[in-house]
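Q: Questions regarding the structure given below will be posed in turn.
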Amino acid sequence: LPLTATRMKKENCLVKHLEAVETLGSTSTICSDKTGTLTQNKMTCMHLYYDKSIYQCTSLPMAMETVSVDEGRKTGTWEWLFRVACLCNKVTFLKENVENNLPILQWKYVNGDASEAAILKAFELEVGGSLEYREKYPKVAEIPFSSKNKFQLSIHRQPNDRNYLLVMKGAPEVVFSKCDKIMHNGEQELMAGREDEFRNEFEKASLDLASK
């Protein structure tokens with residue numbers, strides 16, 4: 001391995017970890033992708049999990065029609081879920097989407113990353129008016145997402161309320177660890193004494209969604 005590293009150095013390739021050289025030496029095929037060939041850097045919110053159930057949210061990204069959540073499933077929990085989706089989100093849509101009369105799922109004029117755009121598109125489909133909604137709850141502070149923290153947090157003023165609203169999204173296990181209540185059918189439930197029960201339900205739903 002040291003000899004191999006020395007030879008690679010002569011080719012202006014600096015090796016930081018010798019184990020990487022060993023792994024690379026046993027590689028027979030390397031597959032790569034350039035955005036626009038196999039992938040298009042477009043993501044879509046397909047499912048929602050709330051009130052202990054998984055619901056379909058929208059159709060395929062390029063489809064003209066959309067499949068929204070049934071009206072009967074739009075509980076108070078659903079309202080809070082989309083409140084977080086809109087407010088704890090740094091993406092903005094540009095006016096060119098509307099000017100070109102594009103369906104929401106095909107909006108391509110976006111400032112921000114693809115995953116947050118997918119979340120905000122889901123908000124536009126289910127609720128609509130993200131810009132007006134954000135003006136109603138102006139942001140006063142935030143903690144941006146980082147791979148170290150694995151969460152994003154923002155604080156907002158509320159209309160007709162002196163209390164601030166804090167919203168968070170991130171890795172499921174990180175967000176779950178910071179909560180002492182869970183919302184079910186629009187009502188808050190204390191998790192004290194039932195942490196394992198809620199955690200098992202939460203982890204099962206996460207695995208179910210990951211397998212889709």
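Just remember, in the structure tokens the first chain shown is A, the second B, etc., residues are 1-based per chain, and ligands are 1-based in the order shown.
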Among region 45-200 of chain A, which residues does DSSP mark as alpha helix (DSSP H) when it is run on the backbone? Keep the chain and numbering as in the structure and answer as a ChimeraX atom specification.

A: /A:76-87,96-99,114-126,130-136,172-177,195-200

Q: If DSSP is run on the backbone, what residues of region 160-196 of chain A are strand (DSSP E)? A reply as an MDAnalysis selection string would be ideal.

A: chainID A and resid 161:170 181:184 187:190

Q: Go through A:Thr77, A:Asn12, A:Ser53, A:Asn89 one by one, measure the shortest atom-to-atom distance of each to Phe145 (chain A) using only C-alpha atoms, and give the residue with the smallest value.

A: A:Asn89

Q: Name the residues in contact with Ser130 (chain A) at a cut-off of 9 Å, using only C-alpha atoms, excluding same-chain residues fewer than 6 positions from it; report them as a count of residues only.

A: 6

Q: Find the residues near Lys212 (chain A): any atom within 12 Å, counting only C-alpha atoms, skip ones fewer than 3 places away on the same chain, and give them as a VMD selection string.

A: chain A and resid 46 to 47 54 56 205 to 209

Q: Using only C-alpha atoms for the distances, tell me which of A:Thr23, A:Gln158, A:Asn200, A:Gln188 is nearest to Glu173 (chain A).

A: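 Using only C-alpha atoms, the shortest distance to Glu173 (chain A) belongs to A:Asn200.
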
Q: Quick one: residues within 10 Å of Lys108 (chain A), only C-alpha atoms counted, chain neighbours fewer than 6 positions away excluded, as a tab-separated table (two decimals) with C-alpha atoms, in the first residue's frame?

A:
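Contents of selection25.tsv, as written:
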```
chain	number	residue	atom	x	y	z
A	42	LYS	CA	-36.10	16.68	-9.35
A	93	PHE	CA	-40.35	29.84	-6.24
A	94	LEU	CA	-39.81	32.43	-8.96
A	96	GLU	CA	-41.56	32.59	-14.11
A	97	ASN	CA	-43.35	29.38	-13.05
A	102	LEU	CA	-46.55	25.44	-15.51
A	114	ALA	CA	-34.29	19.89	-4.66
A	117	ALA	CA	-38.39	22.36	-3.24
```

Q: Set the distance at 9 Å and use only C-alpha atoms: which residues neighbour His184 (chain A) once local chain neighbours fewer than 6 positions away are removed? I'd like the list as a list in words.

A: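 Contacts, in chain order: Tyr50, Asp51, Lys52, Thr75, Gly76 and Thr77 of chain A.
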
Q: What gap, in Å, lies between CA of Val110 (chain A) and CA of Val167 (chain A)?

A: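 CA of Val110 (chain A) sits 22.4 Å away from CA of Val167 (chain A).
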
Q: Find the residues near Lys95 (chain A): any atom within 10 Å, counting only C-alpha atoms, skip ones fewer than 3 places away on the same chain, and give them as a short mmCIF file (atom, residue, chain, number, x, y, z; two decimals) with N, CA and C atoms, in the first residue's frame.

A:
```cif
data_model
loop_
_atom_site.label_atom_id
_atom_site.label_comp_id
_atom_site.auth_asym_id
_atom_site.auth_seq_id
_atom_site.Cartn_x
_atom_site.Cartn_y
_atom_site.Cartn_z
N THR A 92 -37.53 29.29 -2.40
CA THR A 92 -38.50 30.24 -2.95
C THR A 92 -38.74 29.90 -4.41
N VAL A 98 -45.33 30.75 -12.79
CA VAL A 98 -46.72 31.13 -13.04
C VAL A 98 -46.86 31.77 -14.42
N GLU A 99 -45.89 32.60 -14.78
CA GLU A 99 -45.94 33.28 -16.07
C GLU A 99 -45.94 32.30 -17.24
N ASN A 100 -45.24 31.15 -17.06
CA ASN A 100 -45.20 30.13 -18.10
C ASN A 100 -46.32 29.10 -17.96
N TRP A 107 -42.83 23.02 -11.71
CA TRP A 107 -42.16 24.30 -11.47
C TRP A 107 -40.65 24.05 -11.41
N TYR A 109 -38.34 26.90 -11.90
CA TYR A 109 -37.63 28.13 -11.55
C TYR A 109 -37.64 28.25 -10.02
N VAL A 110 -36.56 27.75 -9.41
CA VAL A 110 -36.52 27.60 -7.95
C VAL A 110 -35.18 28.11 -7.41
#
```
